[in-house]
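Source file: upload.cif; contents: mmCIF, C-alpha atoms.
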data_start
loop_
_atom_site.group_PDB
_atom_site.id
_atom_site.type_symbol
_atom_site.label_atom_id
_atom_site.label_comp_id
_atom_site.auth_asym_id
_atom_site.auth_seq_id
_atom_site.Cartn_x
_atom_site.Cartn_y
_atom_site.Cartn_z
ATOM 1 C CA MET H 7 0.000 0.000 0.000
ATOM 2 C CA ASN H 8 1.290 3.475 -0.862
ATOM 3 C CA ALA H 9 0.318 6.814 0.708
ATOM 4 C CA THR H 10 -2.373 7.572 -1.862
ATOM 5 C CA GLU H 11 -4.022 4.201 -1.240
ATOM 6 C CA ALA H 12 -3.808 4.725 2.525
ATOM 7 C CA ALA H 13 -5.452 8.148 2.206
ATOM 8 C CA GLN H 14 -8.162 6.607 0.013
ATOM 9 C CA ALA H 15 -8.781 3.838 2.590
ATOM 10 C CA ILE H 16 -9.209 6.455 5.330
ATOM 11 C CA SER H 17 -11.537 8.457 3.113
ATOM 12 C CA GLU H 18 -13.692 5.404 2.390
ATOM 13 C CA ARG H 19 -13.880 4.393 6.066
ATOM 14 C CA PHE H 20 -14.641 7.898 7.401
ATOM 15 C CA LYS H 21 -16.616 9.337 4.475
ATOM 16 C CA ASP H 22 -18.045 12.527 5.993
ATOM 17 C CA ALA H 23 -15.315 13.129 8.576
ATOM 18 C CA VAL H 24 -12.242 13.410 6.346
ATOM 19 C CA SER H 25 -11.110 14.934 3.101
ATOM 20 C CA VAL H 26 -8.008 14.112 1.125
ATOM 21 C CA ALA H 27 -5.892 17.083 0.119
ATOM 22 C CA PRO H 28 -4.352 17.070 -3.349
ATOM 23 C CA GLU H 29 -1.053 15.204 -3.446
ATOM 24 C CA PHE H 30 1.885 17.602 -3.309
ATOM 25 C CA ARG H 31 5.432 16.553 -4.213
ATOM 26 C CA GLY H 32 4.581 12.927 -3.689
ATOM 27 C CA GLU H 33 3.153 13.466 -0.191
ATOM 28 C CA SER H 34 -0.404 12.621 0.783
ATOM 29 C CA THR H 35 -2.374 14.528 3.395
ATOM 30 C CA VAL H 36 -5.687 13.652 5.010
ATOM 31 C CA VAL H 37 -7.666 16.410 6.737
ATOM 32 C CA ALA H 38 -9.782 14.965 9.563
ATOM 33 C CA GLU H 39 -12.592 16.616 11.504
ATOM 34 C CA LEU H 40 -11.550 17.258 15.097
ATOM 35 C CA ASP H 41 -14.250 15.039 16.662
ATOM 36 C CA SER H 42 -13.265 12.037 14.538
ATOM 37 C CA LEU H 43 -9.494 12.515 14.799
ATOM 38 C CA HIS H 44 -8.947 9.809 17.418
ATOM 39 C CA PRO H 45 -10.842 7.068 15.514
ATOM 40 C CA VAL H 46 -8.986 8.041 12.324
ATOM 41 C CA MET H 47 -5.640 7.781 14.097
ATOM 42 C CA LYS H 48 -6.587 4.446 15.676
ATOM 43 C CA PHE H 49 -7.558 3.143 12.222
ATOM 44 C CA CYS H 50 -4.195 4.299 10.848
ATOM 45 C CA ARG H 51 -2.346 2.444 13.607
ATOM 46 C CA GLU H 52 -4.372 -0.764 13.768
ATOM 47 C CA GLU H 53 -5.635 -1.281 10.224
ATOM 48 C CA LEU H 54 -3.123 0.522 8.021
ATOM 49 C CA ASP H 55 -0.040 -0.369 10.111
ATOM 50 C CA PHE H 56 1.258 3.178 10.656
ATOM 51 C CA ASN H 57 3.280 2.030 13.647
ATOM 52 C CA TYR H 58 5.591 5.044 13.963
ATOM 53 C CA LEU H 59 4.494 8.540 14.928
ATOM 54 C CA ILE H 60 7.260 10.758 13.558
ATOM 55 C CA ASP H 61 6.045 14.104 14.834
ATOM 56 C CA ILE H 62 3.146 16.242 15.975
ATOM 57 C CA CYS H 63 3.327 19.934 15.237
ATOM 58 C CA SER H 64 0.981 22.872 14.978
ATOM 59 C CA VAL H 65 0.462 25.897 12.777
ATOM 60 C CA ASP H 66 -0.984 29.259 13.752
ATOM 61 C CA ASN H 67 -3.061 30.668 10.889
ATOM 62 C CA MET H 68 -3.757 33.948 12.676
ATOM 63 C CA GLY H 69 -6.628 35.837 11.088
ATOM 64 C CA GLU H 70 -8.290 32.682 9.754
ATOM 65 C CA ASP H 71 -11.031 30.571 11.263
ATOM 66 C CA PRO H 72 -10.225 27.987 12.497
ATOM 67 C CA ARG H 73 -6.962 29.515 13.633
ATOM 68 C CA PHE H 74 -4.825 26.451 14.404
ATOM 69 C CA GLU H 75 -3.863 23.218 12.676
ATOM 70 C CA VAL H 76 -2.495 20.163 14.443
ATOM 71 C CA ILE H 77 -0.423 18.006 12.099
ATOM 72 C CA TYR H 78 0.581 14.387 12.635
ATOM 73 C CA GLU H 79 3.355 12.790 10.600
ATOM 74 C CA LEU H 80 2.896 9.004 10.444
ATOM 75 C CA TYR H 81 5.148 6.319 9.024
ATOM 76 C CA SER H 82 4.854 2.580 8.522
ATOM 77 C CA LEU H 83 8.076 0.764 9.275
ATOM 78 C CA THR H 84 6.787 -2.336 7.464
ATOM 79 C CA THR H 85 5.506 -0.759 4.237
ATOM 80 C CA HIS H 86 7.777 2.345 4.277
ATOM 81 C CA VAL H 87 4.874 4.719 3.661
ATOM 82 C CA HIS H 88 4.619 8.272 5.014
ATOM 83 C CA LEU H 89 1.234 9.919 5.645
ATOM 84 C CA ARG H 90 0.232 13.297 7.057
ATOM 85 C CA ILE H 91 -2.976 13.790 9.047
ATOM 86 C CA LYS H 92 -4.192 17.335 9.745
ATOM 87 C CA SER H 93 -6.974 18.606 11.936
ATOM 88 C CA MET H 94 -8.212 22.164 12.273
ATOM 89 C CA VAL H 95 -8.640 23.618 15.782
ATOM 90 C CA ALA H 96 -10.696 26.745 16.478
ATOM 91 C CA GLU H 97 -9.238 29.389 18.767
ATOM 92 C CA ASP H 98 -12.141 29.165 21.202
ATOM 93 C CA VAL H 99 -11.860 25.350 21.393
ATOM 94 C CA ARG H 100 -8.079 24.762 21.507
ATOM 95 C CA GLU H 101 -8.530 21.183 22.687
ATOM 96 C CA VAL H 102 -7.638 17.970 20.878
ATOM 97 C CA VAL H 103 -8.021 14.383 22.066
ATOM 98 C CA THR H 104 -4.652 12.818 22.892
ATOM 99 C CA VAL H 105 -3.200 10.019 20.773
ATOM 100 C CA SER H 106 -0.679 9.008 23.438
ATOM 101 C CA ASP H 107 -2.798 5.906 24.070
ATOM 102 C CA ILE H 108 -2.162 4.871 20.450
ATOM 103 C CA TRP H 109 1.492 5.948 20.166
ATOM 104 C CA PRO H 110 3.225 6.457 23.541
ATOM 105 C CA THR H 111 5.767 8.754 21.872
ATOM 106 C CA ALA H 112 2.967 11.311 21.394
ATOM 107 C CA ASP H 113 3.375 12.227 25.062
ATOM 108 C CA TRP H 114 6.269 14.649 24.584
ATOM 109 C CA HIS H 115 5.118 15.880 21.175
ATOM 110 C CA GLU H 116 1.749 16.879 22.633
ATOM 111 C CA ARG H 117 3.435 18.566 25.579
ATOM 112 C CA GLU H 118 5.539 20.641 23.179
ATOM 113 C CA VAL H 119 2.494 21.695 21.127
ATOM 114 C CA TYR H 120 0.737 22.654 24.359
ATOM 115 C CA ASP H 121 3.781 24.573 25.610
ATOM 116 C CA MET H 122 4.434 26.514 22.407
ATOM 117 C CA MET H 123 0.851 27.044 21.095
ATOM 118 C CA GLY H 124 -1.513 26.552 24.024
ATOM 119 C CA ILE H 125 -3.433 23.707 22.402
ATOM 120 C CA GLU H 126 -4.519 21.280 25.123
ATOM 121 C CA PHE H 127 -4.735 17.517 24.685
ATOM 122 C CA LYS H 128 -7.730 15.988 26.437
ATOM 123 C CA GLY H 129 -6.890 12.726 28.178
ATOM 124 C CA HIS H 130 -3.139 13.349 28.249
ATOM 125 C CA GLY H 131 -1.659 11.890 31.427
ATOM 126 C CA ASP H 132 0.932 14.602 32.119
ATOM 127 C CA LEU H 133 0.147 17.781 30.196
ATOM 128 C CA ARG H 134 2.642 20.286 31.568
ATOM 129 C CA ARG H 135 5.161 22.605 29.987
ATOM 130 C CA ILE H 136 8.221 20.947 28.505
ATOM 131 C CA LEU H 137 10.367 23.896 27.329
ATOM 132 C CA MET H 138 9.073 26.967 29.172
ATOM 133 C CA TRP H 139 8.850 27.067 32.952
ATOM 134 C CA GLU H 140 5.618 26.325 34.799
ATOM 135 C CA GLY H 141 3.531 29.439 35.235
ATOM 136 C CA TYR H 142 4.805 31.129 32.067
ATOM 137 C CA PRO H 143 1.646 32.856 30.821
ATOM 138 C CA PHE H 144 2.396 33.036 27.079
ATOM 139 C CA PHE H 145 2.773 30.684 24.088
ATOM 140 C CA PRO H 146 5.932 31.629 22.142
ATOM 141 C CA LEU H 147 5.143 30.129 18.717
ATOM 142 C CA ARG H 148 1.872 31.960 18.240
ATOM 143 C CA LYS H 149 1.958 34.709 15.672
ATOM 144 C CA ASP H 150 0.697 37.281 18.185
ATOM 145 C CA PHE H 151 3.757 36.686 20.401
ATOM 146 C CA PRO H 152 6.148 39.636 19.858
ATOM 147 C CA LEU H 153 9.524 38.861 18.305
ATOM 148 C CA ALA H 154 11.333 40.725 21.069
ATOM 149 C CA GLY H 155 9.610 38.552 23.662
ATOM 150 C CA LYS H 156 7.612 39.595 26.697
ATOM 151 C CA PRO H 157 8.860 40.688 30.099
ATOM 152 C CA SER H 158 9.088 37.995 32.736
ATOM 153 C CA GLU H 159 10.212 37.401 36.289
ATOM 154 C CA MET H 160 13.208 35.317 35.131
ATOM 155 C CA PRO H 161 16.606 36.731 36.129
ATOM 156 C CA ASP H 162 18.978 37.899 33.428
ATOM 157 C CA VAL H 163 21.321 34.999 32.766
ATOM 158 C CA ALA H 164 23.486 36.572 30.068
ATOM 159 C CA PHE H 165 26.997 37.630 31.034
ATOM 160 C CA THR H 166 27.860 41.297 30.739
ATOM 161 C CA SER H 167 31.576 40.711 31.284
ATOM 162 C CA LYS H 168 33.996 37.850 30.634
ATOM 163 C CA ALA H 169 32.628 34.347 30.935
ATOM 164 C CA PRO H 170 33.845 32.768 34.199
ATOM 165 C CA LEU H 171 35.778 29.917 32.531
ATOM 166 C CA GLU H 172 37.427 31.994 29.817
ATOM 167 C CA GLY H 173 41.056 30.936 29.518
ATOM 168 C CA GLY H 174 40.602 28.299 32.204
ATOM 169 C CA PRO H 175 42.025 24.775 32.247
ATOM 170 C CA PHE H 176 38.991 23.194 30.555
ATOM 171 C CA VAL H 177 38.420 25.693 27.746
ATOM 172 C CA THR H 178 39.962 25.415 24.294
ATOM 173 C CA SER H 179 41.730 28.410 22.763
ATOM 174 C CA ALA H 180 39.993 29.099 19.467
ATOM 175 C CA GLY H 181 42.734 31.268 17.940
ATOM 176 C CA ALA H 182 45.684 28.998 18.783
ATOM 177 C CA PRO H 183 48.019 28.124 15.866
ATOM 178 C CA ASP H 184 47.863 24.323 16.250
ATOM 179 C CA THR H 185 45.949 21.525 17.964
ATOM 180 C CA ALA H 186 48.428 21.156 20.829
ATOM 181 C CA ALA H 187 48.031 24.816 21.760
ATOM 182 C CA ARG H 188 44.232 24.658 21.468
ATOM 183 C CA GLU H 189 43.930 21.565 23.688
ATOM 184 C CA PRO H 190 43.349 22.447 27.375
ATOM 185 C CA ARG H 191 45.330 19.394 28.589
ATOM 186 C CA ALA H 192 48.458 20.729 26.857
ATOM 187 C CA ARG H 193 48.575 23.697 29.269
ATOM 188 C CA ASP H 194 50.379 23.557 32.646
#
Do you think you could lay out the structure here as structure tokens?
Amino acid sequence: MNATEAAQAISERFKDAVSVAPEFRGESTVVAELDSLHPVMKFCREELDFNYLIDICSVDNMGEDPRFEVIYELYSLTTHVHLRIKSMVAEDVREVVTVSDIWPTADWHEREVYDMMGIEFKGHGDLRRILMWEGYPFFPLRKDFPLAGKPSEMPDVAFTSKAPLEGGPFVTSAGAPDTAAREPRARD
């Protein structure tokens, strides 16, 4: 089975809940309604043998309705077929059913989408921030997040003077003429 046939099988099984996007550069994409996303993903895993969840990511289409997309990249290690499943998420909903019960690796992917975009995954066992600290009130990958960032209570961690290990016994010398001079162990 190739990706086009897999997309067709999903379309036949979930007639009114999915649409197949036109193939682009040899890649097939299925767009699933949000309320039928979990059954579609379970069908992909159990019936179509997509046994590897490569990634989950999200897109902010600010100014459009629905605003967000959640995108799943699936792969079959037995048939070597890649398939993309998309689902649109409205800004006022911002909740998607977890697929971590189907692919355990979805756990961290869903946490990252939550942390960066604010999309919550219903049924996730440990939905907490993975990159930003707990209590951070913003979602950095949204298009309304300013490029310069937002003020926070975090202390300034950048050095304003020399780094404390500069020239020390464990630091290489970048401008040294040869490897022996660059190597920290060569110093006394």
Exercise for the section: Report the residues retrieved by the PyMOL selection byres ((chain H and resi 56) around 7) from the displayed file, expressed as a VMD selection string. Expected result: chain H and resid 50 to 51 54 to 55 57 to 58 80 to 82
Save out the residues we just selected, C-alpha atoms, as a PDB file, in the coordinates of the input.
ATOM      1  CA  CYS H  50      -4.195   4.299  10.848  1.00  0.00           C
ATOM      2  CA  ARG H  51      -2.346   2.444  13.607  1.00  0.00           C
ATOM      3  CA  LEU H  54      -3.123   0.522   8.021  1.00  0.00           C
ATOM      4  CA  ASP H  55      -0.040  -0.369  10.111  1.00  0.00           C
ATOM      5  CA  ASN H  57       3.280   2.030  13.647  1.00  0.00           C
ATOM      6  CA  TYR H  58       5.591   5.044  13.963  1.00  0.00           C
ATOM      7  CA  LEU H  80       2.896   9.004  10.444  1.00  0.00           C
ATOM      8  CA  TYR H  81       5.148   6.319   9.024  1.00  0.00           C
ATOM      9  CA  SER H  82       4.854   2.580   8.522  1.00  0.00           C
TER      10      SER H  82
END
Exercise for the section: To one decimal in Å, tell me the separation between atom CA of H:Val37 and atom CA of H:Lys149. Expected result: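 Interatomic distance here is 22.5 Å.
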Practice task
Quote the spacing between atom CA of H:Arg19 and atom CA of H:Arg90 in Å to one decimal place.
Solution key: 16.7 Å
Problem - Coordinates-based distance that separates atom CA of H:Val119 from atom CA of H:Asn8 (Å, one decimal) - result: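 Going from atom CA of H:Asn8 over to atom CA of H:Val119, I get 28.6 Å.
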Exercise for the section: Find the residues near H:Asp61: any atom within 9 Å, counting only C-alpha atoms, skip ones fewer than 6 places away on the same chain, and give them as a list in words. Expected result: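 Surrounding residues, per the criterion: Ile77, Tyr78, Glu79, Leu80, Thr111, Ala112 and His115 of chain H.
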Exercise for the section: Using only C-alpha atoms, determine which residues lie at most 10 Å from H:His130, disregarding the query and same-chain residues fewer than 4 positions distant; provide the list as a list in words. Expected result: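 Those residues are Val102, Val103, Thr104, Val105, Ser106, Asp107, Ala112, Asp113, Glu116, Arg117, Glu126 and Arg134 of chain H.
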How about saving the chosen residues, C-alpha atoms kept, as a PDB file, in the frame of the given file?
ATOM      1  CA  VAL H 102      -7.638  17.970  20.878  1.00  0.00           C
ATOM      2  CA  VAL H 103      -8.021  14.383  22.066  1.00  0.00           C
ATOM      3  CA  THR H 104      -4.652  12.818  22.892  1.00  0.00           C
ATOM      4  CA  VAL H 105      -3.200  10.019  20.773  1.00  0.00           C
ATOM      5  CA  SER H 106      -0.679   9.008  23.438  1.00  0.00           C
ATOM      6  CA  ASP H 107      -2.798   5.906  24.070  1.00  0.00           C
ATOM      7  CA  ALA H 112       2.967  11.311  21.394  1.00  0.00           C
ATOM      8  CA  ASP H 113       3.375  12.227  25.062  1.00  0.00           C
ATOM      9  CA  GLU H 116       1.749  16.879  22.633  1.00  0.00           C
ATOM     10  CA  ARG H 117       3.435  18.566  25.579  1.00  0.00           C
ATOM     11  CA  GLU H 126      -4.519  21.280  25.123  1.00  0.00           C
ATOM     12  CA  ARG H 134       2.642  20.286  31.568  1.00  0.00           C
TER      13      ARG H 134
END
Exercise for the section: Go through H:Ala96, H:Ile108, H:Phe127, H:Ala186 and flag the residue nearest H:Asn67, using all atoms listed in the file for the distances. Expected result: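 The answer is H:Ala96, which sits nearest to H:Asn67.
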Handout entry: Residues near H:Asp150, cut-off 12 Å, only C-alpha atoms, skip fewer than 4 positions along chain, as a PyMOL selection string
Key = chain H and resi 66-69+73+123+144-146+154-156
Include C-alpha atoms and write out the residues we just selected as a PDB file, in the frame of the given file.
ATOM      1  CA  ASP H  66      -0.984  29.259  13.752  1.00  0.00           C
ATOM      2  CA  ASN H  67      -3.061  30.668  10.889  1.00  0.00           C
ATOM      3  CA  MET H  68      -3.757  33.948  12.676  1.00  0.00           C
ATOM      4  CA  GLY H  69      -6.628  35.837  11.088  1.00  0.00           C
ATOM      5  CA  ARG H  73      -6.962  29.515  13.633  1.00  0.00           C
ATOM      6  CA  MET H 123       0.851  27.044  21.095  1.00  0.00           C
ATOM      7  CA  PHE H 144       2.396  33.036  27.079  1.00  0.00           C
ATOM      8  CA  PHE H 145       2.773  30.684  24.088  1.00  0.00           C
ATOM      9  CA  PRO H 146       5.932  31.629  22.142  1.00  0.00           C
ATOM     10  CA  ALA H 154      11.333  40.725  21.069  1.00  0.00           C
ATOM     11  CA  GLY H 155       9.610  38.552  23.662  1.00  0.00           C
ATOM     12  CA  LYS H 156       7.612  39.595  26.697  1.00  0.00           C
TER      13      LYS H 156
END
Exercise for the section: For each of H:Asp184, H:Asp22, H:Glu101, H:Asp71, take the minimum atom-to-atom distance to H:Gly129, counting only C-alpha atoms, then give the residue where this is smallest. Expected result: H:Glu101
Practice task
Using the chain letters and numbers from the file, give me the residues hit by the PyMOL selection byres ((chain H and resi 24) around 9), as a PyMOL selection string.
Solution key: chain H and resi 16-17+20-23+25-26+36-39+42-43+46
